[in-house]
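Pasting work-v9.txt here (compact mmCIF, C-alpha atoms):
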# COMPACT_ATOMS: atom_id res chain seq x y z
CA MET F 1442 19.67 1.96 -12.09
CA PRO F 1443 20.30 -1.34 -13.95
CA ARG F 1444 18.66 -4.46 -12.55
CA PRO F 1445 20.76 -5.52 -9.53
CA ARG F 1446 22.39 -8.93 -9.75
CA ARG F 1447 22.62 -9.35 -5.98
CA THR F 1448 20.72 -7.78 -3.09
CA ALA F 1449 21.46 -8.05 0.63
CA VAL F 1450 18.62 -8.21 3.15
CA VAL F 1451 19.35 -7.42 6.81
CA GLY F 1452 17.25 -9.62 9.10
CA ALA F 1453 15.33 -12.92 8.74
CA GLY F 1454 12.16 -11.95 10.55
CA ILE F 1455 8.78 -11.33 8.93
CA ALA F 1456 10.02 -8.43 6.79
CA GLY F 1457 13.29 -10.05 5.72
CA LEU F 1458 11.64 -13.29 4.66
CA ALA F 1459 8.85 -11.51 2.78
CA MET F 1460 11.50 -9.43 1.02
CA ALA F 1461 13.56 -12.49 0.13
CA ARG F 1462 10.54 -14.15 -1.46
CA GLU F 1463 9.68 -11.14 -3.61
CA LEU F 1464 13.26 -10.59 -4.77
CA HIS F 1465 13.57 -14.27 -5.68
CA ARG F 1466 10.30 -14.05 -7.60
CA GLU F 1467 11.78 -11.19 -9.61
CA GLY F 1468 14.86 -13.27 -10.46
CA ILE F 1469 17.21 -11.30 -8.22
CA GLU F 1470 19.83 -13.19 -6.21
CA VAL F 1471 19.30 -12.48 -2.52
CA VAL F 1472 21.43 -13.03 0.57
CA VAL F 1473 19.70 -12.62 3.96
CA PHE F 1474 21.94 -11.82 6.93
CA GLU F 1475 20.57 -13.01 10.27
CA LYS F 1476 22.55 -12.59 13.49
CA GLY F 1477 20.52 -15.27 15.29
CA ASP F 1478 20.51 -18.99 14.64
CA ASP F 1479 16.91 -19.32 13.45
CA LEU F 1480 14.16 -17.63 11.46
CA GLY F 1481 11.46 -15.42 12.93
CA GLY F 1482 13.17 -12.35 14.38
CA THR F 1483 11.35 -10.97 17.40
CA TRP F 1484 8.79 -13.80 17.26
CA ASN F 1485 11.42 -16.21 18.55
CA TYR F 1486 10.67 -16.30 22.27
CA ASP F 1487 13.89 -16.09 24.30
CA PRO F 1488 13.85 -16.17 28.13
CA ARG F 1489 17.08 -14.17 28.18
CA ILE F 1490 16.88 -10.40 28.59
CA ASP F 1491 19.24 -7.42 28.18
CA SER F 1492 22.03 -7.08 30.75
CA ASP F 1493 20.38 -3.72 31.60
CA PRO F 1494 16.60 -4.39 31.92
CA ALA F 1495 15.71 -0.71 31.45
CA GLY F 1496 17.67 -0.57 28.19
CA LEU F 1497 19.55 2.58 29.19
CA GLU F 1498 23.14 1.32 29.08
CA PRO F 1499 24.51 1.74 25.51
CA THR F 1500 27.04 -1.09 25.89
CA ARG F 1501 24.57 -3.60 27.36
CA GLU F 1502 24.25 -7.11 26.00
CA VAL F 1503 21.02 -7.06 23.98
CA ALA F 1504 18.40 -9.78 23.59
CA HIS F 1505 16.69 -9.39 20.22
CA SER F 1506 13.23 -10.72 21.07
CA SER F 1507 10.62 -8.60 22.84
CA VAL F 1508 8.09 -11.43 23.16
CA TYR F 1509 6.82 -12.35 26.63
CA LEU F 1510 5.52 -15.80 27.50
CA SER F 1511 1.80 -14.92 27.63
CA LEU F 1512 1.79 -12.67 24.53
CA ARG F 1513 -1.10 -12.99 22.08
CA THR F 1514 -1.69 -11.03 18.89
CA ASN F 1515 -3.91 -7.96 19.14
CA LEU F 1516 -5.12 -8.40 15.55
CA PRO F 1517 -7.30 -11.35 14.45
CA ARG F 1518 -5.56 -14.07 12.47
CA GLN F 1519 -7.74 -13.24 9.43
CA ILE F 1520 -5.67 -10.06 8.93
CA MET F 1521 -2.35 -11.44 10.17
CA GLY F 1522 -1.38 -13.06 6.89
CA PHE F 1523 0.26 -11.78 3.73
CA VAL F 1524 -1.69 -10.64 0.67
CA ASP F 1525 -1.38 -14.06 -0.99
CA TYR F 1526 -0.51 -16.25 2.01
CA PRO F 1527 -3.16 -16.42 4.74
CA PHE F 1528 -2.54 -17.10 8.43
CA ARG F 1529 -4.07 -20.56 8.43
CA GLU F 1530 -5.38 -22.50 11.40
CA ASP F 1531 -3.35 -25.55 12.34
CA GLU F 1532 -5.33 -28.48 13.73
CA ASP F 1533 -2.54 -29.23 16.19
CA GLY F 1534 -1.75 -25.58 17.00
CA ASP F 1535 -3.35 -22.57 18.67
CA ARG F 1536 -6.65 -22.15 16.83
CA ARG F 1537 -7.82 -19.04 18.70
CA THR F 1538 -8.71 -15.99 16.64
CA PHE F 1539 -6.04 -14.03 18.54
CA PRO F 1540 -3.33 -16.68 18.82
CA GLY F 1541 -0.22 -16.75 20.97
CA HIS F 1542 3.29 -15.95 19.76
CA GLU F 1543 4.09 -19.63 19.16
CA GLU F 1544 1.46 -19.74 16.43
CA VAL F 1545 2.92 -16.66 14.73
CA LEU F 1546 6.35 -18.28 14.69
CA ARG F 1547 4.82 -21.41 13.18
CA PHE F 1548 3.29 -19.24 10.43
CA VAL F 1549 6.66 -17.62 9.73
CA LYS F 1550 8.49 -20.94 9.49
CA GLU F 1551 5.81 -22.54 7.29
CA PHE F 1552 6.02 -19.53 4.96
CA ALA F 1553 9.81 -19.87 4.75
CA GLU F 1554 9.55 -23.62 4.13
CA GLU F 1555 6.92 -23.31 1.41
CA PHE F 1556 8.98 -20.80 -0.59
CA GLY F 1557 12.41 -22.30 0.06
CA LEU F 1558 13.72 -19.24 1.88
CA ARG F 1559 15.86 -20.86 4.58
CA GLY F 1560 18.62 -21.62 2.08
CA MET F 1561 18.97 -17.89 1.32
CA VAL F 1562 19.79 -17.06 4.96
CA ARG F 1563 23.26 -16.81 6.47
CA PHE F 1564 22.64 -17.52 10.13
CA GLY F 1565 24.93 -16.25 12.88
CA SER F 1566 25.93 -13.32 10.66
CA GLU F 1567 25.54 -9.93 12.33
CA VAL F 1568 25.76 -6.97 9.95
CA VAL F 1569 28.06 -4.32 11.43
CA ARG F 1570 28.40 -1.94 8.47
CA VAL F 1571 26.43 -0.99 5.37
CA GLU F 1572 27.96 1.75 3.27
CA ARG F 1573 27.50 2.94 -0.28
CA VAL F 1574 30.78 2.65 -2.18
CA GLY F 1575 31.03 4.36 -5.53
CA THR F 1576 28.06 4.42 -7.87
CA GLY F 1577 25.46 1.75 -7.38
CA LEU F 1578 27.44 -0.50 -5.03
CA CYS F 1579 26.95 -1.18 -1.32
CA LEU F 1580 29.56 -2.64 0.99
CA VAL F 1581 28.15 -5.02 3.59
CA GLU F 1582 30.39 -6.01 6.47
CA TRP F 1583 29.34 -8.69 8.94
CA LYS F 1584 30.78 -10.73 11.77
CA THR F 1585 30.39 -14.37 12.70
CA LYS F 1586 31.58 -16.32 15.73
CA ARG F 1587 33.52 -19.57 15.38
CA SER F 1588 34.28 -21.02 18.81
CA GLU F 1589 36.02 -18.14 20.58
CA GLU F 1590 37.05 -16.40 17.36
CA VAL F 1591 35.16 -13.51 15.74
CA LEU F 1592 35.47 -13.40 11.97
CA VAL F 1593 34.74 -10.23 10.00
CA SER F 1594 33.82 -10.50 6.32
CA LYS F 1595 32.93 -8.04 3.56
CA GLU F 1596 30.97 -8.33 0.35
CA MET F 1597 29.62 -6.04 -2.35
CA PHE F 1598 25.96 -5.84 -3.34
CA GLU F 1599 24.02 -3.70 -5.78
CA ALA F 1600 21.26 -3.04 -3.26
CA VAL F 1601 20.56 -3.43 0.47
CA VAL F 1602 17.13 -3.73 2.10
CA VAL F 1603 17.03 -3.06 5.85
CA CYS F 1604 14.58 -5.41 7.61
CA ASN F 1605 16.04 -5.59 11.14
CA GLY F 1606 12.84 -4.65 12.98
CA HIS F 1607 12.27 -1.88 15.50
CA PHE F 1608 11.43 -3.64 18.77
CA THR F 1609 14.88 -3.84 20.32
CA GLN F 1610 15.96 -0.32 21.29
CA PRO F 1611 13.73 0.88 24.20
CA ARG F 1612 12.27 4.36 24.29
CA VAL F 1613 12.37 5.53 27.93
CA PRO F 1614 10.82 8.75 29.30
CA THR F 1615 12.73 11.27 31.38
CA ILE F 1616 11.42 11.30 34.97
CA PRO F 1617 12.62 13.92 37.49
CA GLY F 1618 14.56 12.24 40.29
CA ILE F 1619 14.89 8.83 38.60
CA GLU F 1620 18.70 8.82 38.90
CA LYS F 1621 18.37 8.54 42.70
CA TRP F 1622 15.26 6.39 42.84
CA PRO F 1623 16.34 3.03 44.39
CA GLY F 1624 13.79 0.71 42.77
CA TYR F 1625 14.08 -1.76 39.91
CA GLN F 1626 13.62 -0.35 36.39
CA ILE F 1627 12.61 -2.44 33.39
CA HIS F 1628 11.34 -1.85 29.86
CA SER F 1629 8.66 -4.08 28.33
CA HIS F 1630 11.30 -5.32 25.84
CA ASN F 1631 12.73 -7.31 28.76
CA TYR F 1632 9.50 -8.65 30.23
CA ARG F 1633 9.06 -12.41 30.04
CA VAL F 1634 7.10 -13.80 33.03
CA PRO F 1635 5.29 -12.19 35.99
CA GLU F 1636 7.01 -14.15 38.79
CA THR F 1637 9.78 -11.53 39.10
CA PHE F 1638 7.19 -9.08 40.44
CA ARG F 1639 5.57 -11.24 43.10
CA ASP F 1640 4.43 -9.16 46.11
CA LYS F 1641 5.89 -5.98 44.58
CA VAL F 1642 4.31 -2.56 44.12
CA VAL F 1643 4.69 -1.93 40.39
CA VAL F 1644 4.29 1.32 38.43
CA ILE F 1645 3.68 0.77 34.72
CA ILE F 1646 4.07 3.74 32.37
CA GLY F 1647 2.14 3.48 29.11
CA PHE F 1648 -1.36 3.32 27.66
CA ALA F 1649 -1.09 1.04 24.62
CA ALA F 1650 -1.52 -2.70 24.12
CA SER F 1651 1.64 -3.79 25.95
CA ALA F 1652 0.80 -1.72 29.06
CA PHE F 1653 -2.71 -3.18 29.10
CA ASP F 1654 -1.61 -6.80 28.69
CA ILE F 1655 1.41 -6.66 30.99
CA SER F 1656 -0.47 -4.87 33.77
CA ARG F 1657 -3.02 -7.71 33.83
CA ASP F 1658 -0.32 -10.36 33.68
CA VAL F 1659 1.79 -8.82 36.46
CA ALA F 1660 -1.28 -8.16 38.64
CA LYS F 1661 -1.71 -11.93 39.06
CA VAL F 1662 1.28 -11.97 41.43
CA ALA F 1663 2.05 -8.32 42.33
CA LYS F 1664 0.84 -6.62 45.49
CA GLU F 1665 -0.28 -3.51 43.56
CA VAL F 1666 -0.09 -2.34 39.95
CA HIS F 1667 -0.37 1.39 39.15
CA VAL F 1668 -0.67 2.30 35.45
CA ALA F 1669 0.40 5.86 34.58
CA SER F 1670 -0.11 7.64 31.27
CA ARG F 1671 0.06 11.02 29.56
CA SER F 1672 -3.12 10.25 27.67
CA PRO F 1673 -5.84 12.85 28.33
CA GLU F 1674 -8.39 10.03 28.13
CA VAL F 1675 -7.13 8.36 31.31
CA MET F 1676 -9.56 8.33 34.22
CA VAL F 1677 -7.92 8.25 37.64
CA MET F 1678 -9.51 5.28 39.32
CA LYS F 1679 -9.28 1.73 40.54
CA VAL F 1680 -9.71 -0.51 37.50
CA PRO F 1681 -13.07 -2.35 37.55
CA ASN F 1682 -12.95 -6.09 38.19
CA HIS F 1683 -9.42 -5.88 39.60
CA ASP F 1684 -8.56 -5.63 43.27
CA ASN F 1685 -4.99 -4.41 42.77
CA ILE F 1686 -4.82 -2.25 39.58
CA TRP F 1687 -5.15 1.55 39.57
CA GLN F 1688 -4.97 4.11 36.77
CA HIS F 1689 -3.16 7.45 37.17
CA LYS F 1690 -2.01 10.48 35.27
CA MET F 1691 1.67 10.52 34.32
CA VAL F 1692 4.45 10.18 36.90
CA LYS F 1693 5.43 13.71 37.99
CA TYR F 1694 8.60 12.87 39.93
CA VAL F 1695 10.24 10.20 42.09
CA THR F 1696 12.49 10.41 45.16
CA GLU F 1697 15.31 8.43 46.75
CA GLU F 1698 12.82 7.26 49.42
CA SER F 1699 11.06 5.15 46.71
CA LEU F 1700 8.23 7.69 46.44
CA VAL F 1701 6.44 7.94 43.08
CA ALA F 1702 4.28 11.06 42.69
CA PHE F 1703 1.66 11.31 39.96
CA GLU F 1704 0.35 14.41 38.20
CA ASP F 1705 -3.13 13.67 39.57
CA GLY F 1706 -1.83 14.53 43.07
CA SER F 1707 -1.60 10.98 44.41
CA SER F 1708 1.61 9.20 45.40
CA ILE F 1709 2.81 5.75 46.45
CA HIS F 1710 6.00 3.99 47.49
CA ALA F 1711 6.92 1.55 44.72
CA ASP F 1712 9.43 -1.24 44.09
CA VAL F 1713 9.37 -1.32 40.28
CA MET F 1714 9.22 1.23 37.46
CA PHE F 1715 8.03 -0.56 34.33
CA TYR F 1716 8.33 1.25 30.98
CA CYS F 1717 5.77 0.23 28.34
CA THR F 1718 6.77 3.25 26.31
CA GLY F 1719 7.67 1.89 22.90
CA TYR F 1720 10.87 1.79 20.91
CA THR F 1721 13.25 3.91 18.90
CA TYR F 1722 14.50 3.08 15.43
CA HIS F 1723 18.09 1.91 15.55
CA PHE F 1724 20.47 1.15 12.68
CA PRO F 1725 23.97 1.18 14.22
CA PHE F 1726 25.43 -0.54 11.17
CA LEU F 1727 24.25 2.05 8.66
CA GLU F 1728 26.75 4.62 7.35
CA THR F 1729 25.25 7.19 4.99
CA ASN F 1730 27.37 10.29 5.76
CA GLY F 1731 24.38 11.97 7.35
CA ILE F 1732 22.04 11.41 4.42
CA VAL F 1733 19.70 9.21 6.50
CA THR F 1734 19.22 10.41 10.07
CA ILE F 1735 17.07 9.55 13.08
CA GLU F 1736 15.72 12.62 14.85
CA ASP F 1737 13.08 12.19 17.55
CA ASN F 1738 12.26 8.77 16.07
CA ARG F 1739 11.87 10.14 12.55
CA VAL F 1740 13.94 8.13 10.06
CA GLY F 1741 14.44 10.40 7.13
CA PRO F 1742 14.15 11.55 4.61
CA LEU F 1743 12.27 8.52 3.29
CA TYR F 1744 9.94 8.49 0.31
CA LYS F 1745 6.78 6.64 1.36
CA HIS F 1746 8.63 5.47 4.52
CA VAL F 1747 10.86 3.25 2.36
CA PHE F 1748 13.39 4.90 0.02
CA PRO F 1749 15.93 7.67 0.89
CA PRO F 1750 15.59 9.84 -2.25
CA SER F 1751 19.31 10.40 -2.86
CA LEU F 1752 20.21 6.75 -2.21
CA ALA F 1753 17.27 5.10 -3.96
CA PRO F 1754 16.82 2.45 -5.02
CA SER F 1755 20.06 0.92 -3.73
CA LEU F 1756 18.96 1.41 -0.10
CA SER F 1757 15.48 0.81 1.30
CA PHE F 1758 13.72 0.12 4.59
CA ILE F 1759 10.86 -2.30 5.22
CA GLY F 1760 8.43 -2.30 8.14
CA LEU F 1761 9.01 1.14 9.69
CA THR F 1762 5.35 2.11 9.60
CA GLU F 1763 3.18 1.70 12.70
CA LYS F 1764 -0.54 1.67 13.47
CA ASP F 1765 -1.32 -0.59 10.53
CA ILE F 1766 -2.14 -4.14 9.44
CA ILE F 1767 1.50 -4.93 9.87
CA PHE F 1768 2.03 -8.20 7.95
CA GLN F 1769 -0.05 -7.00 5.00
CA MET F 1770 1.72 -3.66 4.98
CA THR F 1771 5.11 -5.34 5.12
CA ASP F 1772 4.22 -7.68 2.28
CA LEU F 1773 3.03 -4.84 0.05
CA GLN F 1774 6.16 -2.79 0.73
CA CYS F 1775 8.27 -5.81 -0.22
CA LYS F 1776 6.35 -6.33 -3.45
CA TRP F 1777 6.84 -2.66 -4.37
CA VAL F 1778 10.57 -2.64 -3.59
CA ALA F 1779 11.14 -5.85 -5.56
CA ARG F 1780 9.36 -4.43 -8.59
CA VAL F 1781 11.41 -1.25 -8.33
CA LEU F 1782 14.67 -3.21 -8.15
CA SER F 1783 13.64 -5.42 -11.06
CA GLY F 1784 12.95 -2.35 -13.20
CA LYS F 1785 9.23 -3.05 -13.58
CA VAL F 1786 8.33 0.08 -11.59
CA GLN F 1787 10.12 3.41 -11.88
CA LEU F 1788 10.57 5.72 -8.91
CA PRO F 1789 9.99 9.46 -9.32
CA SER F 1790 13.07 11.66 -9.64
CA GLU F 1791 15.08 12.46 -6.51
CA LYS F 1792 13.67 15.99 -6.56
CA GLU F 1793 10.09 14.72 -6.81
CA MET F 1794 10.60 12.23 -3.99
CA MET F 1795 12.07 14.92 -1.72
CA ALA F 1796 9.13 17.18 -2.50
CA SER F 1797 6.75 14.38 -1.48
CA VAL F 1798 8.62 13.88 1.80
CA GLU F 1799 8.55 17.61 2.59
CA GLU F 1800 4.85 17.79 1.79
CA TYR F 1801 4.20 14.92 4.19
CA TYR F 1802 6.19 16.60 6.97
CA GLN F 1803 4.32 19.87 6.42
CA GLN F 1804 0.96 18.10 6.54
CA MET F 1805 1.93 16.41 9.80
CA GLU F 1806 2.85 19.76 11.34
CA LYS F 1807 -0.36 21.34 10.07
CA ASN F 1808 -2.39 18.53 11.67
CA GLY F 1809 -0.52 18.83 14.96
CA TYR F 1810 1.23 15.45 14.83
CA PRO F 1811 4.58 15.42 16.69
CA LYS F 1812 7.76 14.38 14.88
CA HIS F 1813 8.12 11.10 16.78
CA THR F 1814 4.89 9.87 15.13
CA THR F 1815 6.27 10.32 11.59
CA HIS F 1816 5.90 6.63 10.76
CA HIS F 1817 2.45 6.29 12.31
CA LEU F 1818 -0.04 6.30 9.48
CA HIS F 1819 -2.54 8.52 11.31
CA PHE F 1820 -5.64 6.60 10.21
CA LYS F 1821 -4.49 6.60 6.57
CA GLU F 1822 -3.27 3.02 6.61
CA VAL F 1823 -5.78 1.83 4.01
CA GLU F 1824 -4.95 4.72 1.66
CA TYR F 1825 -1.24 3.85 2.00
CA CYS F 1826 -1.90 0.12 1.52
CA ASN F 1827 -3.91 0.77 -1.62
CA TRP F 1828 -1.14 3.01 -3.00
CA LEU F 1829 1.39 0.22 -2.42
CA ALA F 1830 -0.96 -2.34 -3.96
CA ALA F 1831 -1.34 -0.23 -7.09
CA GLU F 1832 2.45 0.09 -7.38
CA ALA F 1833 2.72 -3.68 -7.02
CA GLY F 1834 0.07 -4.24 -9.70
CA LEU F 1835 -2.49 -5.58 -7.24
CA PRO F 1836 -6.14 -4.70 -6.53
CA PRO F 1837 -7.08 -2.53 -3.52
CA VAL F 1838 -7.25 -4.01 -0.05
CA GLU F 1839 -10.58 -5.75 0.64
CA ASP F 1840 -13.09 -3.61 2.50
CA TRP F 1841 -13.68 -6.25 5.20
CA LYS F 1842 -10.01 -6.16 6.20
CA GLU F 1843 -10.23 -2.42 6.82
CA ARG F 1844 -13.39 -2.87 8.88
CA MET F 1845 -11.90 -5.74 10.89
CA TYR F 1846 -8.72 -3.76 11.56
CA VAL F 1847 -10.66 -0.72 12.79
CA GLU F 1848 -12.85 -2.88 15.02
CA SER F 1849 -9.87 -4.72 16.51
CA ILE F 1850 -8.10 -1.44 17.32
CA LYS F 1851 -11.28 -0.21 19.02
CA SER F 1852 -11.22 -3.40 21.09
CA VAL F 1853 -7.60 -2.81 22.12
CA PHE F 1854 -8.30 0.72 23.30
CA SER F 1855 -11.55 -0.21 24.99
CA MET F 1856 -9.34 -1.67 27.73
CA LYS F 1857 -11.86 -4.44 28.31
CA ASP F 1858 -10.50 -7.61 29.85
CA ASN F 1859 -10.72 -10.69 27.66
CA TYR F 1860 -11.63 -8.67 24.56
CA ARG F 1861 -9.80 -11.25 22.44
CA ASP F 1862 -11.97 -14.09 23.67
CA GLN F 1863 -15.18 -12.06 23.31
CA TRP F 1864 -14.59 -11.41 19.60
CA ASP F 1865 -17.68 -12.18 17.51
CA ASP F 1866 -16.26 -14.84 15.18
CA ALA F 1867 -19.65 -15.75 13.69
CA TYR F 1868 -20.34 -12.15 12.67
CA TRP F 1869 -16.96 -11.75 10.96
CA ASP F 1870 -17.14 -15.15 9.29
CA ALA F 1871 -20.41 -14.03 7.71
CA ILE F 1872 -18.86 -10.72 6.58
CA ILE F 1873 -15.90 -12.50 4.99
CA LYS F 1874 -18.14 -15.10 3.32
CA GLU F 1875 -20.37 -12.41 1.82
CA ALA F 1876 -17.30 -10.49 0.57
CA SER F 1877 -16.01 -13.67 -1.07
CA LEU F 1878 -19.36 -14.35 -2.75
CA SER F 1879 -19.59 -10.75 -4.00
CA LYS F 1880 -16.12 -11.05 -5.47
CA CYS F 1881 -17.16 -14.21 -7.33
CA ARG F 1882 -20.25 -12.48 -8.74
CA ILE F 1883 -18.23 -9.64 -10.25
Encoded form using structure tokens:
Amino acid sequence: MPRPRRTAVVGAGIAGLAMARELHREGIEVVVFEKGDDLGGTWNYDPRIDSDPAGLEPTREVAHSSVYLSLRTNLPRQIMGFVDYPFREDEDGDRRTFPGHEEVLRFVKEFAEEFGLRGMVRFGSEVVRVERVGTGLCLVEWKTKRSEEVLVSKEMFEAVVVCNGHFTQPRVPTIPGIEKWPGYQIHSHNYRVPETFRDKVVVIIGFAASAFDISRDVAKVAKEVHVASRSPEVMVMKVPNHDNIWQHKMVKYVTEESLVAFEDGSSIHADVMFYCTGYTYHFPFLETNGIVTIEDNRVGPLYKHVFPPSLAPSLSFIGLTEKDIIFQMTDLQCKWVARVLSGKVQLPSEKEMMASVEEYYQQMEKNGYPKHTTHHLHFKEVEYCNWLAAEAGLPPVEDWKERMYVESIKSVFSMKDNYRDQWDDAYWDAIIKEASLSKCRI
């Protein structure tokens, strides 16, 4: 493919802005389409929520952000930056090691300002169709609102990079009897403040970071909070140091009398069913004639989670991977894609890329990983990062970052209250300082 003159980027969040910078560095004209009126994507806190809080109604009015008011990062700021742009402390901002969402948004906007990215963004422009037209051309159709009028526009690009995030379309479990259960249902995507749940009996389904954080937040005002999970590691018990939080096995069924029965044999009458059950990938604007599909949360086929082999390199996806050092991973993917589009890096043949995808799927099946975890890196995040770094012409990821990431994930799953504020900053400062000195000695 000849070097593209113009590339469209869908979304002006972390991924879209990182992609815009790398394309600009490679001398490629870039247009970023952002349906909102500001930078930052999901990191823009918005008190508004979906018209259907559970996220089940397909025609609901959707709020893009999934950030709640008390949200803090679950990775330390030392590994929240890009490869060449650290997450700095601001004297007037949130200087905690695990800062709040406002500090992340500040980082995003400072990054955009420093590299002159805002001028590349068309705000209020929602992409409604991306389709390959002919050889090497992509049609991008978008809509904008002017007063009461909706304007639809079209434009041709040589390449499109999808960076619209994956924290908007809720993933909701099927629960026997839920269609007649009279209580209030909500997905974590639509959680903002705990006051809604004052004096309520709340059932939270989930066992990851959002379930942990939200259960503690809601418990400040709720009558009772019952956390249910499929995880075999869950111990059925009252949570230590909390008077009103219990852990259970998964919800078995519910009834029209507000009963919630758990697989551990216990049951309660509840007011709220709260889904902290993750998200599904969603690209309603993408038309590929069935080449790219989403099956059980597997977007595929994608070479290295980025390029569809038969549409590469004119179509790519950034930020689909999970269970990783997300900003670093995103940055490295962007660097790789930009080098591919500039012609500095050549992709394997379509046949070779498909073979790699199939090999990955077979290895997942062999290891017993279900399809919906396709884009989880299964503890191979450093190996993947180092592969991307090599493709981008960069050295491997520093060892201390891997160690810090592993330790922070252990802290998340330890389910210890206040783990963020008990982080040993002095220990890690010493580790980072020694790594820096060793690098200088080489």
Selection: 6 Å around segment 1448-1457 of chain F, all atoms listed in the file, excl. self and same-chain fewer than 5 positions, as a tab-separated table (two decimals) with C-alpha atoms, in the frame of the given file:
chain	number	residue	atom	x	y	z
F	1471	VAL	CA	19.30	-12.48	-2.52
F	1472	VAL	CA	21.43	-13.03	0.57
F	1473	VAL	CA	19.70	-12.62	3.96
F	1474	PHE	CA	21.94	-11.82	6.93
F	1475	GLU	CA	20.57	-13.01	10.27
F	1480	LEU	CA	14.16	-17.63	11.46
F	1481	GLY	CA	11.46	-15.42	12.93
F	1482	GLY	CA	13.17	-12.35	14.38
F	1598	PHE	CA	25.96	-5.84	-3.34
F	1599	GLU	CA	24.02	-3.70	-5.78
F	1600	ALA	CA	21.26	-3.04	-3.26
F	1601	VAL	CA	20.56	-3.43	0.47
F	1602	VAL	CA	17.13	-3.73	2.10
F	1603	VAL	CA	17.03	-3.06	5.85
F	1604	CYS	CA	14.58	-5.41	7.61
F	1605	ASN	CA	16.04	-5.59	11.14
Checklist entry - Which neighbours of Arg1633 of chain F fall inside 10 Å, counting only C-alpha atoms, when residues of the same chain fewer than 4 positions from it are skipped, and could you give them as a list in words? => result Tyr1486, Asp1487, Pro1488, Arg1489, Ile1490, Ser1507, Val1508, Tyr1509, Leu1510, Ser1511, Leu1512, Ser1629, Thr1637 and Ile1655 of chain F
Item to check | Close residues, segment 1568-1576 of chain F itself excluded, 8 Å, all atoms listed in the file, min 5 positions apart in chain, as a PyMOL selection string | outcome: chain F and resi 1451+1474-1476+1581-1584+1725-1729
Checklist entry - With all atoms listed in the file as the basis for distance, which of F:Pro1617, F:Gly1557, F:Pro1635, F:Gly1606 is at the shortest distance from Tyr1722 of chain F? => result F:Gly1606
Next on the checklist: List the spatial neighbours of Val1701 of chain F as a list of chain:residue names - criterion: any atom at most 7 Å away, only C-alpha atoms, same-chain residues fewer than 3 positions off excluded.
Outcome noted: F:Val1692, F:Tyr1694, F:Val1695, F:Thr1696, F:Ser1708, F:Ile1709, F:His1710, F:Ala1711
Item to check | 12 Å contact set for Ile1619 of chain F, all atoms listed in the file, chain neighbours under 4 positions out, as a PyMOL selection string | outcome: chain F and resi 1495+1613-1615+1623-1626+1692-1702+1713-1714
Checklist outcome for this item: In terms of all atoms listed in the file, the residue from F:Thr1514, F:Phe1768, F:Val1562, F:Gly1468 at minimal distance from Glu1543 of chain F is F:Thr1514
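You will find atom CA of Pro1527 of chain F at 9.9 Å from atom CA of Gln1769 of chain F.
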